[in-house]
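Right, one structure below, let's go through it.
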Protein chains: 2
Amino acid sequence: MLTVPEAQRRLLPEMNPLLQSRYRILQSVQLMQPIGRRTLAESLKMTEREIRKVTDILREQGLLDSQKSGMVCTSDGELVIEQLRALVYEWSGLTQLGKALEQQLGLQHVLVVPGDYNDDETVLTLLGKEAAQQFLLTIANEQVVAVTGGKSVASLAQFLQPVDHQQNITFVAARGGIGHEMHMQANTLVATFAMQMDAQHRTLFLPEHLSEQAYQAMLTEPMVTEIMAYYDRADCVIHGIGSAEEMAIRRNTSAEDLRILEEKGAVSEAFGYYFNAEGQIVHRIRTIGIQLEQVEKCKHIIAVAAGKQKVNAMLSYFKVAPKQTIFITDEAAAKAIAERLL
Amino acid sequence: MLTVPEAQRRLLPEMNPLLQSRYRILQSVQLMQPIGRRTLAESLKMTEREIRKVTDILREQGLLDSQKSGMVCTSDGELVIEQLRALVYEWSGLTQLGKALEQQLGLQHVLVVPGDYNDDETVLTLLGKEAAQQFLLTIANEQVVAVTGGKSVASLAQFLQPVDHQQNITFVAARGGIGHEMHMQANTLVATFAMQMDAQHRTLFLPEHLSEQAYQAMLTEPMVTEIMAYYDRADCVIHGIGSAEEMAIRRNTSAEDLRILEEKGAVSEAFGYYFNAEGQIVHRIRTIGIQLEQVEKCKHIIAVAAGKQKVNAMLSYFKVAPKQTIFITDEAAAKAIAERLL
DNA sequence: TGTAGTGGGATAAAAAACGACCCACTAGTG
DNA sequence: CACTAGTGGGTCGTTTTTTATCCCACTACA
């Protein structure tokens, strides 16, 4: 059977790339507004002329407005973006790509967002938007949401908003502090998430990794036991996927331990576990933080990760990832994964 | 609310004329196949280059095939035409135009076909296609269908085909012979229609217009009374609309009578009646043929007429036309009518 | 008050589209 | 059987459009 959009595509084949590019530009304007031609061109890795041509048309169509401070998306423009999202994703094959990964990775749902994180940092914004949307769809009353750190997870923040009838949502930092960058830490994120959604939050102001002695001592601390209780009650987890190397460096792992990890073939890291390419646990840090067994009991798990350089880590982690995981990633990574699996 | 196609049109405004032109060309190929570039260009009043550009694309898309004898429409192409008809008509405003005329003329249904009959004779084919489709939707068993002559009515012929479960359809010539052109005469048409649909037909081999004496004599002829009985039983009428002048000339009306008609302000002609601009009967020929009162009793009436030069006649006739009339015309005429009524 | 970033304008160079042919071929006709 | 009108494909200057890269006046903001 031939659907109307398919028929349209047959009659106007050149419409497809045009649609994709215009949609991408309009979407980028919406996400980065107010923004100028040149900045936008650089961000999307396009020439200024190309941007200009499209924005001129979009402006003429009233989807875009040019102010002194830059271009902004009109309400009409936002409506168009919303209406065409499904079509654009479908036509660019992202829907199919997601479905394929869903099957091959054995996950509940895989969402692929257009673009390449390595080329264009703004895909992170898109990633966050989709992930936030997914998350907002799942939450209910009295839920406990565990949140890890990382850029990908942080990208959700700006798209979180209070939901009707939500009550007593609590965001809990899923692990202690890592490194020194505050912006991406679990603690900071739960605070922002909670603020955005008008909800509660619990932080864990402790270094993630402790000596055996300190660890045992901490286990009886009320502050710690309270958090651990939350981990047992967690309904939802939002987490990123780290490459083993990257995480080890962020954790200030000693050169010797790094060598050991490498020897053992550690590829990915999640919740304090290091996995090799086959998905086997090759190392485990005695962390204060949510444990894999606790994650597995959660009803909803949202994994967010982008970038081709993380493909190995993703493949490794998804060998053990709980089936109820919803995975949101970018086009470049998704394609790389698909290639590797075929 | 913004529909998806509307959003598409906002994002890709140049798609609209492109879609229209490609659809028109593909449709023309289907109707005139096999046909060459040059003939097609002449018929559509376009340059050869333009046709070539589009057909190259269509061929690449597999909607068109180039054979030695010309271009033909593939089955995919026909599917595309079918799927996009509603969209194209909607976007070119033909649907709305038809609806507007429906209201203003007080008819059951008005169908507007794209193009201008004066520029491009092939719109007649389209006209016939739509009219035939409408007709085929209405017919049931045991029906008597009265048919007049004329180019417009003749255009239905090639699109008539046997319908499932049809039984005992009878086509009856609605009037006697006029002039000498056999192809467009009611008698010829009923025969072709019947052949195409595998149905019965009754012809009326008599001059339409007779002297009073001959007329009275004929009324008792079995051949004539049989036909007249059919007229009383008619369920459906398919007819054209003539301008008074044109019809008078075809009827070989004497110069004197012509002058009289003109004096009386006769504008249109149908079923032997001449109407002035206000729709009043200004003259009536004692014809052997279906009478206006008999037409009014029919369940279905299909009126087919195209061309700007007939607008006056159409406006005049539709002042008295039965409300159950379905009217099929071309874009140019429809627009002219709409202008005159506003 | 300075600076970085904005939209709009201009212009020469490059590319694509166009128009107007020709060509070899063939289907249908007389 | 020859002929002619019509076919799709090819070619090549010319014209039109698109592209790239500046510059400019302005403004928001620090």
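Going by the structure tokens order, chains are called A, B, ..., each with residues numbered from 1, while ligands are numbered from 1 in the order shown.
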
Quick one: which chain B residues come within 9 Å of chain D, and what is the nearest atom pair for each with the distance in Å to one decimal, counting only C-alpha atoms (C1' of nucleotides), rows ordered by chain and ascending number, as a Markdown table?
```
| residue | atom | partner | partner_atom | distance |
| --- | --- | --- | --- | --- |
| B:Ile35 | CA | D:DT7 | C1' | 8.2 |
| B:Gly36 | CA | D:DT7 | C1' | 6.1 |
| B:Arg37 | CA | D:DG8 | C1' | 8.4 |
| B:Arg38 | CA | D:DG6 | C1' | 8.9 |
| B:Thr39 | CA | D:DG6 | C1' | 8.6 |
| B:Ser66 | CA | D:DG8 | C1' | 7.1 |
| B:Gln67 | CA | D:DG8 | C1' | 7.6 |
| B:Lys68 | CA | D:DT7 | C1' | 5.8 |
| B:Ser69 | CA | D:DT7 | C1' | 5.4 |
| B:Gly70 | CA | D:DT7 | C1' | 5.6 |
| B:Met71 | CA | D:DG8 | C1' | 8.7 |
```

Go ahead and write the residues just picked, all heavy atoms, as a PDB file, in the first residue's frame.
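Listed below is the output, result_18.pdb:
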```pdb
ATOM      1  N   ILE B  35       2.792   9.138 -25.215  1.00  0.00           N
ATOM      2  CA  ILE B  35       2.901  10.502 -25.731  1.00  0.00           C
ATOM      3  C   ILE B  35       4.333  10.987 -25.613  1.00  0.00           C
ATOM      4  O   ILE B  35       5.074  10.546 -24.730  1.00  0.00           O
ATOM      5  CB  ILE B  35       1.959  11.449 -24.955  1.00  0.00           C
ATOM      6  CG1 ILE B  35       1.864  12.783 -25.681  1.00  0.00           C
ATOM      7  CG2 ILE B  35       2.423  11.610 -23.520  1.00  0.00           C
ATOM      8  CD1 ILE B  35       0.918  13.747 -25.039  1.00  0.00           C
ATOM      9  N   GLY B  36       4.721  11.859 -26.512  1.00  0.00           N
ATOM     10  CA  GLY B  36       6.083  12.390 -26.516  1.00  0.00           C
ATOM     11  C   GLY B  36       6.170  13.740 -25.856  1.00  0.00           C
ATOM     12  O   GLY B  36       5.158  14.370 -25.585  1.00  0.00           O
ATOM     13  N   ARG B  37       7.400  14.136 -25.603  1.00  0.00           N
ATOM     14  CA  ARG B  37       7.647  15.413 -24.940  1.00  0.00           C
ATOM     15  C   ARG B  37       6.985  16.572 -25.646  1.00  0.00           C
ATOM     16  O   ARG B  37       6.262  17.368 -25.037  1.00  0.00           O
ATOM     17  CB  ARG B  37       9.155  15.696 -24.926  1.00  0.00           C
ATOM     18  CG  ARG B  37       9.945  15.010 -23.898  1.00  0.00           C
ATOM     19  CD  ARG B  37      11.274  15.734 -23.735  1.00  0.00           C
ATOM     20  NE  ARG B  37      11.914  15.985 -25.018  1.00  0.00           N
ATOM     21  CZ  ARG B  37      12.937  15.294 -25.467  1.00  0.00           C
ATOM     22  NH1 ARG B  37      13.417  14.307 -24.759  1.00  0.00           N
ATOM     23  NH2 ARG B  37      13.486  15.583 -26.610  1.00  0.00           N
ATOM     24  N   ARG B  38       7.216  16.665 -26.936  1.00  0.00           N
ATOM     25  CA  ARG B  38       6.786  17.860 -27.662  1.00  0.00           C
ATOM     26  C   ARG B  38       5.273  17.983 -27.704  1.00  0.00           C
ATOM     27  O   ARG B  38       4.704  19.039 -27.443  1.00  0.00           O
ATOM     28  CB  ARG B  38       7.391  17.861 -29.072  1.00  0.00           C
ATOM     29  CG  ARG B  38       8.869  18.189 -29.048  1.00  0.00           C
ATOM     30  CD  ARG B  38       9.557  17.864 -30.355  1.00  0.00           C
ATOM     31  NE  ARG B  38       9.921  16.457 -30.460  1.00  0.00           N
ATOM     32  CZ  ARG B  38      11.124  15.992 -30.117  1.00  0.00           C
ATOM     33  NH1 ARG B  38      12.046  16.798 -29.665  1.00  0.00           N
ATOM     34  NH2 ARG B  38      11.390  14.709 -30.227  1.00  0.00           N
ATOM     35  N   THR B  39       4.634  16.888 -28.015  1.00  0.00           N
ATOM     36  CA  THR B  39       3.171  16.920 -28.052  1.00  0.00           C
ATOM     37  C   THR B  39       2.610  17.295 -26.691  1.00  0.00           C
ATOM     38  O   THR B  39       1.684  18.105 -26.576  1.00  0.00           O
ATOM     39  CB  THR B  39       2.632  15.541 -28.449  1.00  0.00           C
ATOM     40  OG1 THR B  39       3.457  14.998 -29.461  1.00  0.00           O
ATOM     41  CG2 THR B  39       1.219  15.656 -28.958  1.00  0.00           C
ATOM     42  N   SER B  66       9.724   5.372 -20.425  1.00  0.00           N
ATOM     43  CA  SER B  66       9.911   5.883 -21.782  1.00  0.00           C
ATOM     44  C   SER B  66      10.093   4.722 -22.742  1.00  0.00           C
ATOM     45  O   SER B  66      11.066   3.983 -22.654  1.00  0.00           O
ATOM     46  CB  SER B  66      11.136   6.793 -21.831  1.00  0.00           C
ATOM     47  OG  SER B  66      10.812   8.052 -21.335  1.00  0.00           O
ATOM     48  N   GLN B  67       9.141   4.601 -23.619  1.00  0.00           N
ATOM     49  CA  GLN B  67       9.275   3.575 -24.643  1.00  0.00           C
ATOM     50  C   GLN B  67       9.522   4.253 -25.985  1.00  0.00           C
ATOM     51  O   GLN B  67       9.434   5.455 -26.086  1.00  0.00           O
ATOM     52  CB  GLN B  67       7.997   2.743 -24.702  1.00  0.00           C
ATOM     53  CG  GLN B  67       7.670   2.107 -23.369  1.00  0.00           C
ATOM     54  CD  GLN B  67       6.356   1.371 -23.407  1.00  0.00           C
ATOM     55  OE1 GLN B  67       5.591   1.513 -24.367  1.00  0.00           O
ATOM     56  NE2 GLN B  67       6.087   0.600 -22.370  1.00  0.00           N
ATOM     57  N   LYS B  68       9.779   3.439 -26.987  1.00  0.00           N
ATOM     58  CA  LYS B  68      10.054   4.013 -28.298  1.00  0.00           C
ATOM     59  C   LYS B  68       8.856   4.810 -28.806  1.00  0.00           C
ATOM     60  O   LYS B  68       9.007   5.808 -29.496  1.00  0.00           O
ATOM     61  CB  LYS B  68      10.388   2.896 -29.296  1.00  0.00           C
ATOM     62  CG  LYS B  68      11.717   2.239 -29.039  1.00  0.00           C
ATOM     63  CD  LYS B  68      12.869   3.218 -29.289  1.00  0.00           C
ATOM     64  CE  LYS B  68      14.211   2.580 -28.954  1.00  0.00           C
ATOM     65  NZ  LYS B  68      15.309   3.565 -29.004  1.00  0.00           N
ATOM     66  N   SER B  69       7.696   4.355 -28.442  1.00  0.00           N
ATOM     67  CA  SER B  69       6.496   5.011 -28.965  1.00  0.00           C
ATOM     68  C   SER B  69       6.067   6.199 -28.112  1.00  0.00           C
ATOM     69  O   SER B  69       5.116   6.890 -28.438  1.00  0.00           O
ATOM     70  CB  SER B  69       5.362   4.004 -29.052  1.00  0.00           C
ATOM     71  OG  SER B  69       5.166   3.406 -27.789  1.00  0.00           O
ATOM     72  N   GLY B  70       6.778   6.429 -27.023  1.00  0.00           N
ATOM     73  CA  GLY B  70       6.419   7.556 -26.171  1.00  0.00           C
ATOM     74  C   GLY B  70       6.484   7.206 -24.704  1.00  0.00           C
ATOM     75  O   GLY B  70       6.886   6.107 -24.335  1.00  0.00           O
ATOM     76  N   MET B  71       6.046   8.141 -23.889  1.00  0.00           N
ATOM     77  CA  MET B  71       6.095   7.912 -22.453  1.00  0.00           C
ATOM     78  C   MET B  71       4.767   7.330 -21.978  1.00  0.00           C
ATOM     79  O   MET B  71       3.698   7.727 -22.430  1.00  0.00           O
ATOM     80  CB  MET B  71       6.370   9.221 -21.724  1.00  0.00           C
ATOM     81  CG  MET B  71       7.707   9.825 -22.081  1.00  0.00           C
ATOM     82  SD  MET B  71       8.013  11.391 -21.252  1.00  0.00           S
ATOM     83  CE  MET B  71       6.910  12.487 -22.117  1.00  0.00           C
TER      84      MET B  71
END
```

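The list of chain A residues within 7 Å of chain B is Val4, Ala7, Arg10, Leu11, Leu12, Leu19, Leu58, Gln61, Val80, Gln83 and Leu84 of chain A; this uses only C-alpha atoms.
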
Could you turn the residues from that selection into a file that holds all heavy atoms, as a PDB file, in the first residue's frame?
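Produced file part.pdb, reproduced below:
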```
ATOM      1  N   VAL A   4      -0.116   8.494   1.480  1.00  0.00           N
ATOM      2  CA  VAL A   4      -0.046   9.811   0.844  1.00  0.00           C
ATOM      3  C   VAL A   4       1.345  10.439   0.988  1.00  0.00           C
ATOM      4  O   VAL A   4       1.906  10.924   0.000  1.00  0.00           O
ATOM      5  CB  VAL A   4      -1.130  10.747   1.407  1.00  0.00           C
ATOM      6  CG1 VAL A   4      -0.945  12.154   0.883  1.00  0.00           C
ATOM      7  CG2 VAL A   4      -2.506  10.231   1.027  1.00  0.00           C
ATOM      8  N   ALA A   7       3.621   8.795  -1.440  1.00  0.00           N
ATOM      9  CA  ALA A   7       3.330   9.232  -2.803  1.00  0.00           C
ATOM     10  C   ALA A   7       3.932  10.603  -3.052  1.00  0.00           C
ATOM     11  O   ALA A   7       4.531  10.863  -4.103  1.00  0.00           O
ATOM     12  CB  ALA A   7       1.821   9.257  -3.038  1.00  0.00           C
ATOM     13  N   ARG A  10       7.508  10.313  -3.680  1.00  0.00           N
ATOM     14  CA  ARG A  10       7.825   9.811  -5.021  1.00  0.00           C
ATOM     15  C   ARG A  10       7.757  10.931  -6.040  1.00  0.00           C
ATOM     16  O   ARG A  10       8.598  11.031  -6.939  1.00  0.00           O
ATOM     17  CB  ARG A  10       6.833   8.715  -5.431  1.00  0.00           C
ATOM     18  CG  ARG A  10       7.015   7.396  -4.760  1.00  0.00           C
ATOM     19  CD  ARG A  10       8.349   6.743  -5.079  1.00  0.00           C
ATOM     20  NE  ARG A  10       8.421   6.071  -6.355  1.00  0.00           N
ATOM     21  CZ  ARG A  10       7.856   4.906  -6.625  1.00  0.00           C
ATOM     22  NH1 ARG A  10       7.152   4.293  -5.719  1.00  0.00           N
ATOM     23  NH2 ARG A  10       8.010   4.360  -7.812  1.00  0.00           N
ATOM     24  N   LEU A  11       6.749  11.776  -5.887  1.00  0.00           N
ATOM     25  CA  LEU A  11       6.543  12.833  -6.871  1.00  0.00           C
ATOM     26  C   LEU A  11       7.548  13.963  -6.674  1.00  0.00           C
ATOM     27  O   LEU A  11       7.942  14.627  -7.637  1.00  0.00           O
ATOM     28  CB  LEU A  11       5.115  13.369  -6.743  1.00  0.00           C
ATOM     29  CG  LEU A  11       4.526  14.006  -7.986  1.00  0.00           C
ATOM     30  CD1 LEU A  11       4.553  13.027  -9.145  1.00  0.00           C
ATOM     31  CD2 LEU A  11       3.097  14.451  -7.724  1.00  0.00           C
ATOM     32  N   LEU A  12       7.975  14.197  -5.448  1.00  0.00           N
ATOM     33  CA  LEU A  12       8.906  15.292  -5.153  1.00  0.00           C
ATOM     34  C   LEU A  12      10.094  14.760  -4.363  1.00  0.00           C
ATOM     35  O   LEU A  12      10.250  15.080  -3.190  1.00  0.00           O
ATOM     36  CB  LEU A  12       8.201  16.374  -4.329  1.00  0.00           C
ATOM     37  CG  LEU A  12       6.971  17.020  -4.939  1.00  0.00           C
ATOM     38  CD1 LEU A  12       6.196  17.769  -3.883  1.00  0.00           C
ATOM     39  CD2 LEU A  12       7.354  17.952  -6.056  1.00  0.00           C
ATOM     40  N   LEU A  19      13.482  19.141   3.320  1.00  0.00           N
ATOM     41  CA  LEU A  19      12.675  19.094   4.538  1.00  0.00           C
ATOM     42  C   LEU A  19      13.567  18.854   5.749  1.00  0.00           C
ATOM     43  O   LEU A  19      13.474  19.550   6.755  1.00  0.00           O
ATOM     44  CB  LEU A  19      11.635  17.989   4.421  1.00  0.00           C
ATOM     45  CG  LEU A  19      10.691  17.829   5.599  1.00  0.00           C
ATOM     46  CD1 LEU A  19       9.753  19.009   5.709  1.00  0.00           C
ATOM     47  CD2 LEU A  19       9.891  16.543   5.486  1.00  0.00           C
ATOM     48  N   LEU A  58      12.189  30.790   5.868  1.00  0.00           N
ATOM     49  CA  LEU A  58      11.442  30.554   7.105  1.00  0.00           C
ATOM     50  C   LEU A  58      10.873  31.862   7.647  1.00  0.00           C
ATOM     51  O   LEU A  58       9.760  31.898   8.176  1.00  0.00           O
ATOM     52  CB  LEU A  58      12.343  29.901   8.150  1.00  0.00           C
ATOM     53  CG  LEU A  58      12.856  28.494   7.802  1.00  0.00           C
ATOM     54  CD1 LEU A  58      13.736  27.950   8.911  1.00  0.00           C
ATOM     55  CD2 LEU A  58      11.700  27.544   7.557  1.00  0.00           C
ATOM     56  N   GLN A  61       7.908  32.820   5.767  1.00  0.00           N
ATOM     57  CA  GLN A  61       6.781  31.968   6.109  1.00  0.00           C
ATOM     58  C   GLN A  61       6.270  32.229   7.526  1.00  0.00           C
ATOM     59  O   GLN A  61       5.344  31.561   7.987  1.00  0.00           O
ATOM     60  CB  GLN A  61       7.176  30.492   5.989  1.00  0.00           C
ATOM     61  CG  GLN A  61       7.380  30.036   4.568  1.00  0.00           C
ATOM     62  CD  GLN A  61       6.093  30.091   3.789  1.00  0.00           C
ATOM     63  OE1 GLN A  61       5.059  29.609   4.237  1.00  0.00           O
ATOM     64  NE2 GLN A  61       6.121  30.707   2.621  1.00  0.00           N
ATOM     65  N   VAL A  80       4.883  24.072  13.838  1.00  0.00           N
ATOM     66  CA  VAL A  80       5.361  23.310  12.681  1.00  0.00           C
ATOM     67  C   VAL A  80       6.347  22.244  13.125  1.00  0.00           C
ATOM     68  O   VAL A  80       6.285  21.094  12.696  1.00  0.00           O
ATOM     69  CB  VAL A  80       5.999  24.252  11.646  1.00  0.00           C
ATOM     70  CG1 VAL A  80       6.774  23.475  10.609  1.00  0.00           C
ATOM     71  CG2 VAL A  80       4.926  25.106  10.982  1.00  0.00           C
ATOM     72  N   GLN A  83       4.440  19.426  14.718  1.00  0.00           N
ATOM     73  CA  GLN A  83       3.639  18.649  13.783  1.00  0.00           C
ATOM     74  C   GLN A  83       4.495  17.755  12.896  1.00  0.00           C
ATOM     75  O   GLN A  83       4.069  16.675  12.496  1.00  0.00           O
ATOM     76  CB  GLN A  83       2.808  19.588  12.881  1.00  0.00           C
ATOM     77  CG  GLN A  83       1.619  20.195  13.574  1.00  0.00           C
ATOM     78  CD  GLN A  83       0.593  19.144  13.928  1.00  0.00           C
ATOM     79  OE1 GLN A  83       0.286  18.276  13.136  1.00  0.00           O
ATOM     80  NE2 GLN A  83       0.085  19.206  15.147  1.00  0.00           N
ATOM     81  N   LEU A  84       5.676  18.239  12.563  1.00  0.00           N
ATOM     82  CA  LEU A  84       6.468  17.502  11.572  1.00  0.00           C
ATOM     83  C   LEU A  84       7.492  16.554  12.194  1.00  0.00           C
ATOM     84  O   LEU A  84       8.148  15.818  11.477  1.00  0.00           O
ATOM     85  CB  LEU A  84       7.171  18.483  10.641  1.00  0.00           C
ATOM     86  CG  LEU A  84       6.246  19.263   9.714  1.00  0.00           C
ATOM     87  CD1 LEU A  84       7.055  20.118   8.758  1.00  0.00           C
ATOM     88  CD2 LEU A  84       5.346  18.318   8.922  1.00  0.00           C
TER      89      LEU A  84
END
```

Give me, as a Markdown table, the closest atom pair and its distance (Å, one decimal) for every residue of chain C within a cut-off of 9 Å of chain A, counting only C-alpha atoms (C1' of nucleotides), rows sorted by chain and rising number.
```
| residue | atom | partner | partner_atom | distance |
| --- | --- | --- | --- | --- |
| C:DG5 | C1' | A:Gly36 | CA | 7.5 |
| C:DT6 | C1' | A:Ser69 | CA | 5.6 |
| C:DG7 | C1' | A:Lys68 | CA | 6.8 |
```

Exercise for the section: Write out as a PyMOL selection string the residues lying within 8 Å of B:Ala194, counting only C-alpha atoms (C1' of nucleotides) and excluding same-chain residues fewer than 6 positions away. Expected result: chain B and resi 170-171+200-201

With N, CA and C atoms retained, could you export that selection as a PDB file, in the first residue's frame?
```
ATOM      1  N   THR B 170     -30.147   0.688 -19.111  1.00  0.00           N
ATOM      2  CA  THR B 170     -30.497   1.057 -20.479  1.00  0.00           C
ATOM      3  C   THR B 170     -30.177   2.523 -20.740  1.00  0.00           C
ATOM      4  N   PHE B 171     -29.350   2.761 -21.731  1.00  0.00           N
ATOM      5  CA  PHE B 171     -29.061   4.135 -22.145  1.00  0.00           C
ATOM      6  C   PHE B 171     -30.044   4.537 -23.231  1.00  0.00           C
ATOM      7  N   GLN B 200     -27.723  -2.145 -22.260  1.00  0.00           N
ATOM      8  CA  GLN B 200     -28.671  -1.975 -23.375  1.00  0.00           C
ATOM      9  C   GLN B 200     -28.687  -0.513 -23.817  1.00  0.00           C
ATOM     10  N   HIS B 201     -29.246  -0.292 -25.020  1.00  0.00           N
ATOM     11  CA  HIS B 201     -29.453   1.104 -25.403  1.00  0.00           C
ATOM     12  C   HIS B 201     -30.609   1.222 -26.405  1.00  0.00           C
TER      13      HIS B 201
END
```

For the strand (DSSP E) assignment from backbone DSSP, which residues of stretch 30-94 of chain B qualify? Please present them as a PDB file with C-alpha atoms, in the first residue's frame.
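Wrote result.pdb, looks like this:
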```
ATOM      1  CA  LEU B  64       6.933   6.979 -15.845  1.00  0.00           C
ATOM      2  CA  ASP B  65       8.415   4.776 -18.495  1.00  0.00           C
ATOM      3  CA  SER B  66       9.911   5.883 -21.782  1.00  0.00           C
ATOM      4  CA  GLN B  67       9.275   3.575 -24.643  1.00  0.00           C
ATOM      5  CA  GLY B  70       6.419   7.556 -26.171  1.00  0.00           C
ATOM      6  CA  MET B  71       6.095   7.912 -22.453  1.00  0.00           C
ATOM      7  CA  VAL B  72       3.659   5.818 -20.469  1.00  0.00           C
ATOM      8  CA  CYS B  73       2.556   5.890 -16.883  1.00  0.00           C
TER       9      CYS B  73
END
```

Please identify all polymer residues within 12 Å of B:Glu42, counting only C-alpha atoms (C1' of nucleotides), omitting same-chain residues fewer than 6 positions from it, and present them as a JSON list (two decimals) with C-alpha atoms, in the first residue's frame.
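Dumped everything to around39.json:
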```json
[["chain", "number", "residue", "atom", "x", "y", "z"],
["B", 25, "ILE", "CA", 2.17, 16.30, -16.13],
["B", 28, "SER", "CA", -1.56, 14.06, -18.60],
["B", 35, "ILE", "CA", 2.90, 10.50, -25.73],
["B", 36, "GLY", "CA", 6.08, 12.39, -26.52],
["B", 48, "GLU", "CA", 9.72, 21.33, -23.96],
["B", 49, "ARG", "CA", 12.50, 21.88, -21.43],
["B", 50, "GLU", "CA", 10.12, 22.10, -18.55],
["B", 51, "ILE", "CA", 8.39, 18.91, -19.54],
["B", 119, "ASP", "CA", -5.96, 26.38, -23.37],
["B", 120, "ASP", "CA", -5.80, 22.66, -23.15],
["B", 121, "GLU", "CA", -8.23, 20.25, -24.68],
["B", 122, "THR", "CA", -7.09, 17.42, -22.46]]
```

Fill in the blank from the handout: Students should find that atom CA of B:Pro222 and atom CA of B:Asn187 are spaced 17.8 Å

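Separating atom CA of B:Glu102 from atom CA of B:Lys323 is a distance of 9.9 Å.
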
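The space between atom CA of A:Ile290 and atom CA of A:Val113 spans 28.2 Å.
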
Practice task
Select from stretch 309-338 of chain B everything DSSP, run on the backbone, classes as helix (DSSP H, G or I), then give the selection as a list of chain:residue names.
Solution key: B:Gln309, B:Lys310, B:Val311, B:Asn312, B:Ala313, B:Met314, B:Leu315, B:Ser316, B:Tyr317, B:Glu331, B:Ala332, B:Ala333, B:Ala334, B:Lys335, B:Ala336, B:Ile337, B:Ala338
